[in-house]
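S.K.: Shown below is the structure under consideration.
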Amino acid sequence: MASTLETIYTLWLREITKFLKSRARILGTGGQPLIWLAIVGVGFGSAFALAGGISYITFMAPGIIGMTILFSSVFAGVNVIWDRQFGFLKEILVAPVSRAAIVLGKIAGSATVSVISGLIIFIVVVIFGVIPFSSLTVLGVAATILMMVLVSTVFISLGLIIASYINNIEGFQVIINFLILPLFFLSGALFPLTDAPLWMKALSDIDPLRYAVDGMRGALIGVHSFPLYLDFGIVLAIAVALILIADLAFRNIQGK
Amino acid sequence: MSGPKEIYSITVDNLVKRFGSFTAVDNVSFKVKEGEIFGLLGPNGAGKTTTISILSTILNLTSGSASINGLDVMKSKDAVRKQIGIVFQDPSLDDDLTGRQNLDLHARLYGVKGSIKKEKIDSVLKLVELQDKADINVKNYSGGMKRRLEIARGFIHNPKVLFLDEPTIGLDPQTRRKIWDYISHLNKEEKITIILTTHYMEEADALCDRIAIIDHGKIIKLDTSERLKDSLGGDIIRIGTSRQKELLALLKRSKFILSAKNYESSIEVTARNGSEAIPKIIDIAKKAGIVVDYTTLKRPTLEDVFISLTGKDIRDEGASDVDQLKRSSMMYRGRR
């Protein structure tokens, strides 16, 4: 019988192997956020001026990293549904390994893929000078990577929870599309929420991506609305809570 | 039957599984002896797959109990999982990985490590003759190759009991025979107890030591193939002769003939053992000076048994829903 760590490693290895095999997926994950950055960033940048002398596109860059992670993470749930419909999930469920290890392995594999996508965007924005190299610190970059890990864990767990209850792709996509845009727009990725109406602020307060984007923005360009320990603490707490829920939800999955 | 006490690999007691108001498995009990190939034969929707899913711990039962080598399938799931291997009815491979990668992943999940892992993977690939195709992606495999890979995967971790759910569904006759050979090999050489479900009569007949005929969630009859066929009242012998009535009268008096009937161009009799009965019949005819022109012998098939027990033909099936979904999703993925 494989130990918990071996199981996590095995499932992690599967995700990585599949990711590396799919060149389209690697290109695709990087492409969309960069289009956002180029079009929305440059387009809006010519219309807005932000306080504090930061260009709009620089302000937006950490938000786009957050978006990349959000998009690639929730779709980990899609893979679970594919696995279920293609029968592969049964191969895993019938193995003598703990259900928690299955959930953790899935999270570890998908989080690695998400963080790699986030890092690709990060490197590109630094190369193009969107985030000036001079503003980077080792601690800031390390904190950003940590936040990428935490926030991808949040959204992968969320995807796994939804996928435990929904077993068709269409249903899953309806729910995800319904969640993903509010999560993104209310995160402050595209615009500061300081002058937003109260209802919008209230909604954004419960958006995990808001704290992630704020934390990364603070770590990378020194602009943030919450203390950084609060940003990291909140995302960490949500991540832990969602892992536990995902574990419970996964235990209920049965083969037919 | 005789000899030392039987050891049972699988014990199922009053097993019930309900989905809402539908009873998929209805109070089923049976025991599978260690080392035998046991068949669950029945039409689609009879409850075979549901039974297998419960025995392999991926579905919870409603009531009753089941155990594998004395381990309860509800209480000791992990211990049961270690003892079993399973080939599901629908493919359960990762199409994006190669054959070898699929086997490697399986070995790791079952704690098969290092040089033993490599040896084992090579040896199972050799057995199912997939060494040459081991390093191409499974999505490029044919249906038969996928099935062979799944069977190979099922016993990589040396299970004591192997479940095969419709192992040859949708395969061509040649591949089917190959897979029967592998199954026999695993049973005889590797000493694995095998429980398989099938709706192919000839498969159950060719492979299984004992067969449980299952319909609407219930076991209607459980016995060896031979005895199931015998239960129909023996073999059917047709005799052609120009003096039908005289021979018929003689045969009706013979003890080994179970029944005899006169038809327009031949006599039809039934006997417990047809191949032994034919020489006796010819002998009787000879003594009376009657010339027998021809005899034909028909053994009842499992199909006949099934029809007589359930009053219907076993239904054949096409591609399952999952296969269809798979095809359409591949098209969908291809477009993107």
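Going by the structure tokens order, chains are called A, B, ..., each with residues numbered from 1, while ligands are numbered from 1 in the order shown.
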Quick check: residues of chain A within 12 Å of chain B, only C-alpha atoms, returned as a PDB file with N, CA and C atoms, in the first residue's frame.
M.R.:
ATOM      1  N   MET A   1       0.841  -1.197   0.000  1.00  0.00           N
ATOM      2  CA  MET A   1       0.000   0.000   0.000  1.00  0.00           C
ATOM      3  C   MET A   1       0.876   1.248   0.000  1.00  0.00           C
ATOM      4  N   ALA A   2       0.488   2.175  -0.834  1.00  0.00           N
ATOM      5  CA  ALA A   2       1.284   3.394  -0.938  1.00  0.00           C
ATOM      6  C   ALA A   2       0.989   4.305   0.249  1.00  0.00           C
ATOM      7  N   SER A   3       2.019   4.972   0.740  1.00  0.00           N
ATOM      8  CA  SER A   3       1.814   5.905   1.839  1.00  0.00           C
ATOM      9  C   SER A   3       1.118   7.151   1.294  1.00  0.00           C
ATOM     10  N   THR A   4       0.661   7.988   2.235  1.00  0.00           N
ATOM     11  CA  THR A   4      -0.019   9.219   1.827  1.00  0.00           C
ATOM     12  C   THR A   4       0.881  10.070   0.928  1.00  0.00           C
ATOM     13  N   LEU A   5       2.151  10.199   1.334  1.00  0.00           N
ATOM     14  CA  LEU A   5       3.055  11.028   0.531  1.00  0.00           C
ATOM     15  C   LEU A   5       3.287  10.442  -0.854  1.00  0.00           C
ATOM     16  N   GLU A   6       3.420   9.119  -0.909  1.00  0.00           N
ATOM     17  CA  GLU A   6       3.623   8.480  -2.224  1.00  0.00           C
ATOM     18  C   GLU A   6       2.407   8.679  -3.120  1.00  0.00           C
ATOM     19  N   THR A   7       1.221   8.601  -2.505  1.00  0.00           N
ATOM     20  CA  THR A   7      -0.005   8.801  -3.276  1.00  0.00           C
ATOM     21  C   THR A   7      -0.070  10.225  -3.817  1.00  0.00           C
ATOM     22  N   ILE A   8       0.230  11.186  -2.940  1.00  0.00           N
ATOM     23  CA  ILE A   8       0.210  12.583  -3.371  1.00  0.00           C
ATOM     24  C   ILE A   8       1.203  12.769  -4.522  1.00  0.00           C
ATOM     25  N   TYR A   9       2.393  12.199  -4.345  1.00  0.00           N
ATOM     26  CA  TYR A   9       3.417  12.331  -5.389  1.00  0.00           C
ATOM     27  C   TYR A   9       2.954  11.688  -6.698  1.00  0.00           C
ATOM     28  N   THR A  10       2.334  10.506  -6.610  1.00  0.00           N
ATOM     29  CA  THR A  10       1.874   9.802  -7.809  1.00  0.00           C
ATOM     30  C   THR A  10       0.855  10.635  -8.582  1.00  0.00           C
ATOM     31  N   LEU A  11      -0.110  11.208  -7.846  1.00  0.00           N
ATOM     32  CA  LEU A  11      -1.147  11.984  -8.526  1.00  0.00           C
ATOM     33  C   LEU A  11      -0.586  13.317  -9.026  1.00  0.00           C
ATOM     34  N   TRP A  12       0.365  13.860  -8.279  1.00  0.00           N
ATOM     35  CA  TRP A  12       1.039  15.080  -8.722  1.00  0.00           C
ATOM     36  C   TRP A  12       1.777  14.816 -10.039  1.00  0.00           C
ATOM     37  N   LEU A  13       2.476  13.681 -10.059  1.00  0.00           N
ATOM     38  CA  LEU A  13       3.249  13.296 -11.240  1.00  0.00           C
ATOM     39  C   LEU A  13       2.346  13.164 -12.466  1.00  0.00           C
ATOM     40  N   ARG A  14       1.158  12.637 -12.238  1.00  0.00           N
ATOM     41  CA  ARG A  14       0.228  12.462 -13.350  1.00  0.00           C
ATOM     42  C   ARG A  14      -0.141  13.813 -13.948  1.00  0.00           C
ATOM     43  N   GLU A  15      -0.482  14.781 -13.081  1.00  0.00           N
ATOM     44  CA  GLU A  15      -0.866  16.106 -13.579  1.00  0.00           C
ATOM     45  C   GLU A  15       0.278  16.748 -14.353  1.00  0.00           C
ATOM     46  N   ILE A  16       1.471  16.642 -13.795  1.00  0.00           N
ATOM     47  CA  ILE A  16       2.620  17.289 -14.433  1.00  0.00           C
ATOM     48  C   ILE A  16       2.925  16.636 -15.780  1.00  0.00           C
ATOM     49  N   THR A  17       2.881  15.292 -15.798  1.00  0.00           N
ATOM     50  CA  THR A  17       3.147  14.584 -17.055  1.00  0.00           C
ATOM     51  C   THR A  17       2.165  15.031 -18.130  1.00  0.00           C
ATOM     52  N   LYS A  18       0.899  15.101 -17.739  1.00  0.00           N
ATOM     53  CA  LYS A  18      -0.127  15.490 -18.701  1.00  0.00           C
ATOM     54  C   LYS A  18       0.062  16.933 -19.160  1.00  0.00           C
ATOM     55  N   PHE A  19       0.427  17.797 -18.204  1.00  0.00           N
ATOM     56  CA  PHE A  19       0.609  19.214 -18.540  1.00  0.00           C
ATOM     57  C   PHE A  19       1.760  19.382 -19.527  1.00  0.00           C
ATOM     58  N   LEU A  20       2.859  18.684 -19.245  1.00  0.00           N
ATOM     59  CA  LEU A  20       4.028  18.833 -20.106  1.00  0.00           C
ATOM     60  C   LEU A  20       3.782  18.262 -21.500  1.00  0.00           C
ATOM     61  N   LYS A  21       2.862  17.294 -21.579  1.00  0.00           N
ATOM     62  CA  LYS A  21       2.575  16.699 -22.891  1.00  0.00           C
ATOM     63  C   LYS A  21       1.739  17.636 -23.757  1.00  0.00           C
ATOM     64  N   SER A  22       0.995  18.527 -23.097  1.00  0.00           N
ATOM     65  CA  SER A  22       0.041  19.329 -23.848  1.00  0.00           C
ATOM     66  C   SER A  22       0.595  20.720 -24.112  1.00  0.00           C
ATOM     67  N   ALA A  24      -0.440  22.823 -26.253  1.00  0.00           N
ATOM     68  CA  ALA A  24      -1.538  23.769 -26.453  1.00  0.00           C
ATOM     69  C   ALA A  24      -1.956  24.372 -25.119  1.00  0.00           C
ATOM     70  N   ARG A  25      -1.952  23.522 -24.078  1.00  0.00           N
ATOM     71  CA  ARG A  25      -2.399  23.992 -22.779  1.00  0.00           C
ATOM     72  C   ARG A  25      -1.401  25.002 -22.205  1.00  0.00           C
ATOM     73  N   GLY A  28      -1.916  28.119 -24.148  1.00  0.00           N
ATOM     74  CA  GLY A  28      -3.242  28.667 -23.870  1.00  0.00           C
ATOM     75  C   GLY A  28      -3.317  29.372 -22.534  1.00  0.00           C
ATOM     76  N   ASN A  79     -11.266  18.612 -14.802  1.00  0.00           N
ATOM     77  CA  ASN A  79     -10.490  17.378 -14.961  1.00  0.00           C
ATOM     78  C   ASN A  79     -11.065  16.245 -14.131  1.00  0.00           C
ATOM     79  N   VAL A  80     -11.568  16.584 -12.931  1.00  0.00           N
ATOM     80  CA  VAL A  80     -12.177  15.542 -12.103  1.00  0.00           C
ATOM     81  C   VAL A  80     -13.412  14.984 -12.794  1.00  0.00           C
ATOM     82  N   TRP A  82     -14.005  15.046 -16.061  1.00  0.00           N
ATOM     83  CA  TRP A  82     -13.508  14.212 -17.180  1.00  0.00           C
ATOM     84  C   TRP A  82     -13.109  12.839 -16.662  1.00  0.00           C
ATOM     85  N   ASP A  83     -12.342  12.833 -15.573  1.00  0.00           N
ATOM     86  CA  ASP A  83     -11.870  11.569 -15.017  1.00  0.00           C
ATOM     87  C   ASP A  83     -13.041  10.682 -14.646  1.00  0.00           C
ATOM     88  N   ARG A  84     -14.084  11.308 -14.123  1.00  0.00           N
ATOM     89  CA  ARG A  84     -15.239  10.508 -13.735  1.00  0.00           C
ATOM     90  C   ARG A  84     -15.937   9.960 -14.977  1.00  0.00           C
ATOM     91  N   GLN A  85     -16.129  10.833 -15.979  1.00  0.00           N
ATOM     92  CA  GLN A  85     -16.858  10.377 -17.153  1.00  0.00           C
ATOM     93  C   GLN A  85     -16.030   9.412 -17.995  1.00  0.00           C
ATOM     94  N   PHE A  86     -14.736   9.566 -17.964  1.00  0.00           N
ATOM     95  CA  PHE A  86     -13.880   8.640 -18.712  1.00  0.00           C
ATOM     96  C   PHE A  86     -13.518   7.413 -17.898  1.00  0.00           C
ATOM     97  N   GLY A  87     -14.028   7.349 -16.676  1.00  0.00           N
ATOM     98  CA  GLY A  87     -13.812   6.142 -15.892  1.00  0.00           C
ATOM     99  C   GLY A  87     -12.527   6.109 -15.093  1.00  0.00           C
ATOM    100  N   PHE A  88     -11.596   7.037 -15.380  1.00  0.00           N
ATOM    101  CA  PHE A  88     -10.313   6.945 -14.690  1.00  0.00           C
ATOM    102  C   PHE A  88     -10.449   7.176 -13.190  1.00  0.00           C
ATOM    103  N   LEU A  89     -11.454   7.966 -12.795  1.00  0.00           N
ATOM    104  CA  LEU A  89     -11.647   8.233 -11.369  1.00  0.00           C
ATOM    105  C   LEU A  89     -11.847   6.934 -10.599  1.00  0.00           C
ATOM    106  N   LYS A  90     -12.515   5.967 -11.224  1.00  0.00           N
ATOM    107  CA  LYS A  90     -12.752   4.683 -10.553  1.00  0.00           C
ATOM    108  C   LYS A  90     -11.446   3.961 -10.265  1.00  0.00           C
ATOM    109  N   GLU A  91     -10.512   4.072 -11.206  1.00  0.00           N
ATOM    110  CA  GLU A  91      -9.200   3.456 -11.005  1.00  0.00           C
ATOM    111  C   GLU A  91      -8.545   4.018  -9.742  1.00  0.00           C
ATOM    112  N   ILE A  92      -8.749   5.313  -9.506  1.00  0.00           N
ATOM    113  CA  ILE A  92      -8.156   5.924  -8.317  1.00  0.00           C
ATOM    114  C   ILE A  92      -8.968   5.571  -7.072  1.00  0.00           C
ATOM    115  N   LEU A  93     -10.298   5.588  -7.218  1.00  0.00           N
ATOM    116  CA  LEU A  93     -11.152   5.341  -6.051  1.00  0.00           C
ATOM    117  C   LEU A  93     -11.007   3.916  -5.513  1.00  0.00           C
ATOM    118  N   VAL A  94     -10.692   2.981  -6.400  1.00  0.00           N
ATOM    119  CA  VAL A  94     -10.621   1.583  -5.976  1.00  0.00           C
ATOM    120  C   VAL A  94      -9.226   1.237  -5.422  1.00  0.00           C
ATOM    121  N   ALA A  95      -8.309   2.194  -5.509  1.00  0.00           N
ATOM    122  CA  ALA A  95      -6.953   1.954  -4.996  1.00  0.00           C
ATOM    123  C   ALA A  95      -6.930   2.048  -3.468  1.00  0.00           C
ATOM    124  N   PRO A  96      -6.044   1.272  -2.838  1.00  0.00           N
ATOM    125  CA  PRO A  96      -5.995   1.270  -1.368  1.00  0.00           C
ATOM    126  C   PRO A  96      -5.249   2.483  -0.830  1.00  0.00           C
ATOM    127  N   VAL A  97      -5.763   3.649  -1.118  1.00  0.00           N
ATOM    128  CA  VAL A  97      -5.117   4.886  -0.648  1.00  0.00           C
ATOM    129  C   VAL A  97      -6.175   5.754   0.017  1.00  0.00           C
ATOM    130  N   SER A  98      -5.734   6.610   0.952  1.00  0.00           N
ATOM    131  CA  SER A  98      -6.711   7.408   1.687  1.00  0.00           C
ATOM    132  C   SER A  98      -7.325   8.454   0.756  1.00  0.00           C
ATOM    133  N   ARG A  99      -8.610   8.729   1.006  1.00  0.00           N
ATOM    134  CA  ARG A  99      -9.309   9.712   0.158  1.00  0.00           C
ATOM    135  C   ARG A  99      -8.672  11.087   0.309  1.00  0.00           C
ATOM    136  N   ALA A 101      -5.556  11.697   0.717  1.00  0.00           N
ATOM    137  CA  ALA A 101      -4.353  11.729  -0.123  1.00  0.00           C
ATOM    138  C   ALA A 101      -4.722  11.989  -1.581  1.00  0.00           C
ATOM    139  N   ILE A 102      -5.864  11.450  -2.012  1.00  0.00           N
ATOM    140  CA  ILE A 102      -6.309  11.684  -3.394  1.00  0.00           C
ATOM    141  C   ILE A 102      -6.582  13.174  -3.595  1.00  0.00           C
ATOM    142  N   GLY A 105      -3.311  15.127  -3.494  1.00  0.00           N
ATOM    143  CA  GLY A 105      -2.519  14.887  -4.698  1.00  0.00           C
ATOM    144  C   GLY A 105      -3.052  15.688  -5.867  1.00  0.00           C
ATOM    145  N   ASN A 168     -21.659  16.488 -14.604  1.00  0.00           N
ATOM    146  CA  ASN A 168     -21.542  16.699 -16.044  1.00  0.00           C
ATOM    147  C   ASN A 168     -20.861  18.035 -16.324  1.00  0.00           C
ATOM    148  N   ILE A 169     -20.136  18.041 -17.422  1.00  0.00           N
ATOM    149  CA  ILE A 169     -19.314  19.196 -17.773  1.00  0.00           C
ATOM    150  C   ILE A 169     -20.174  20.452 -17.932  1.00  0.00           C
ATOM    151  N   GLU A 170     -21.322  20.300 -18.569  1.00  0.00           N
ATOM    152  CA  GLU A 170     -22.168  21.467 -18.840  1.00  0.00           C
ATOM    153  C   GLU A 170     -22.578  22.138 -17.536  1.00  0.00           C
ATOM    154  N   ARG A 251     -15.121  12.192  -0.188  1.00  0.00           N
ATOM    155  CA  ARG A 251     -15.424  10.890   0.415  1.00  0.00           C
ATOM    156  C   ARG A 251     -16.772  10.366  -0.033  1.00  0.00           C
ATOM    157  N   ASN A 252     -17.647  11.303  -0.437  1.00  0.00           N
ATOM    158  CA  ASN A 252     -18.992  10.876  -0.837  1.00  0.00           C
ATOM    159  C   ASN A 252     -19.066  10.409  -2.278  1.00  0.00           C
ATOM    160  N   ILE A 253     -17.997  10.650  -3.034  1.00  0.00           N
ATOM    161  CA  ILE A 253     -18.030  10.218  -4.430  1.00  0.00           C
ATOM    162  C   ILE A 253     -18.046   8.697  -4.481  1.00  0.00           C
ATOM    163  N   GLN A 254     -18.974   8.160  -5.259  1.00  0.00           N
ATOM    164  CA  GLN A 254     -19.011   6.712  -5.436  1.00  0.00           C
ATOM    165  C   GLN A 254     -18.927   6.380  -6.911  1.00  0.00           C
ATOM    166  N   GLY A 255     -18.382   5.219  -7.195  1.00  0.00           N
ATOM    167  CA  GLY A 255     -18.411   4.734  -8.569  1.00  0.00           C
ATOM    168  C   GLY A 255     -19.807   4.200  -8.795  1.00  0.00           C
ATOM    169  N   LYS A 256     -20.188   3.981 -10.036  1.00  0.00           N
ATOM    170  CA  LYS A 256     -21.546   3.453 -10.178  1.00  0.00           C
ATOM    171  C   LYS A 256     -21.543   1.955 -10.292  1.00  0.00           C
TER     172      LYS A 256
END
S.K.: Compile the contact shell of range 220-231 of chain B as a compact mmCIF listing (two decimals) with C-alpha atoms, in the first residue's frame: residues with an atom at most 9 Å away, counting only C-alpha atoms, same-chain residues fewer than 5 positions apart removed.
M.R.:
# COMPACT_ATOMS: atom_id res chain seq x y z
CA PHE B 30 -23.49 -16.56 -3.23
CA ALA B 204 -19.45 -17.84 -19.49
CA ASP B 205 -19.39 -21.34 -20.97
CA CYS B 208 -16.42 -20.19 -15.79
CA ASP B 209 -16.27 -23.05 -13.33
CA ARG B 210 -19.63 -21.98 -11.96
CA ILE B 211 -22.20 -19.57 -13.28
CA ALA B 212 -24.87 -17.55 -11.50
CA ILE B 213 -27.67 -16.55 -13.84
CA ILE B 214 -28.92 -13.18 -12.71
CA ASP B 215 -31.93 -11.20 -13.88
CA ARG B 272 -28.77 -37.40 -20.51
CA ASN B 273 -25.59 -38.13 -22.38
CA ARG B 299 -26.24 -30.14 -26.75
CA PRO B 300 -28.44 -27.53 -25.14
CA THR B 301 -26.57 -24.22 -24.89
CA LEU B 302 -26.51 -21.80 -22.00
CA ASP B 304 -31.35 -22.35 -24.08
CA VAL B 305 -30.96 -22.49 -20.30
CA LEU B 309 -35.29 -19.73 -16.95
CA THR B 310 -36.19 -16.16 -17.84
S.K.: Got a sec: who's within 10 Å of Val223 in chain A, counting only C-alpha atoms, leaving out chain neighbours fewer than 4 positions off, as a ChimeraX atom specification?
M.R.: /A:52,54,59,214-219
S.K.: Counting only C-alpha atoms, which residue out of A:Ile64, A:Val174, A:Ile156, A:Leu186 sits closest to Ala202 in chain A?
M.R.: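 The shortest atom-to-atom distance to Ala202 in chain A comes from A:Leu186.
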S.K.: Could you name the residues that touch range 63-76 of chain B at 7 Å or less, counting only C-alpha atoms, but leaving out those on the same chain fewer than 6 positions away, as a list in words?
M.R.: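 My reading of the contact set: Tyr8, Ser9, Ile10, Thr11, Val12, Asp13, Asn14, Leu15, Val16, Lys17, Leu55 and Thr57 of chain B.
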S.K.: I want to know what sits within 12 Å of Ile136 in chain B, based on only C-alpha atoms, with residues of the same chain fewer than 3 positions away left out; could you give that as a VMD selection string?
M.R.: chain B and resid 95 to 102 130 to 133 139 to 142 145 to 146
S.K.: Please, what distance in Å, to one decimal, runs between CA of Thr198 in chain B and CA of Leu61 in chain B?
M.R.: 21.5 Å
S.K.: Need to verify the contact set: Asn262 in chain B, 9 Å, only C-alpha atoms, exclusion of same-chain residues closer than 6 positions in sequence. Can you return it as a list in words?
M.R.: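 Within the cut-off, the hits are Gln244, Lys245, Leu248, Glu268 and Val269 of chain B.
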S.K.: Residues as selected, C-alpha atoms, written as a PDB file, in the first residue's frame, can you do that?
M.R.:
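Below is the file selection_34.pdb, written as the result:
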ATOM      1  CA  GLN B 244     -39.616 -44.396 -37.890  1.00  0.00           C
ATOM      2  CA  LYS B 245     -42.604 -45.849 -36.068  1.00  0.00           C
ATOM      3  CA  LEU B 248     -39.795 -45.080 -31.958  1.00  0.00           C
ATOM      4  CA  GLU B 268     -36.272 -36.747 -31.928  1.00  0.00           C
ATOM      5  CA  VAL B 269     -35.271 -38.184 -28.578  1.00  0.00           C
TER       6      VAL B 269
END
S.K.: So, counting only C-alpha atoms, which residue among B:Lys191, B:Lys287, B:Arg253, B:Lys298 is closest to Asn158 in chain B?
M.R.: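 Of B:Lys191, B:Lys287, B:Arg253, B:Lys298, the one nearest Asn158 in chain B is B:Lys191, counting only C-alpha atoms.
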S.K.: Quick one: everything within 12 Å of Gly240 in chain B, counting only C-alpha atoms, minus sequence neighbours fewer than 4 positions away in the same chain. Send it as a PyMOL selection string.
M.R.: chain B and resi 244-245+247-248+262-269+281-282+285+290-297
S.K.: Would you mind reading off the distance between CA of Ile180 in chain A and CA of Val126 in chain A, one decimal, in Å?
M.R.: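 It comes out at 26.2 Å.
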S.K.: Write out as a PyMOL selection string all residues of range 133-225 of chain B that backbone DSSP assigns to alpha helix (DSSP H).
M.R.: chain B and resi 143-154+173-188+201-207+225
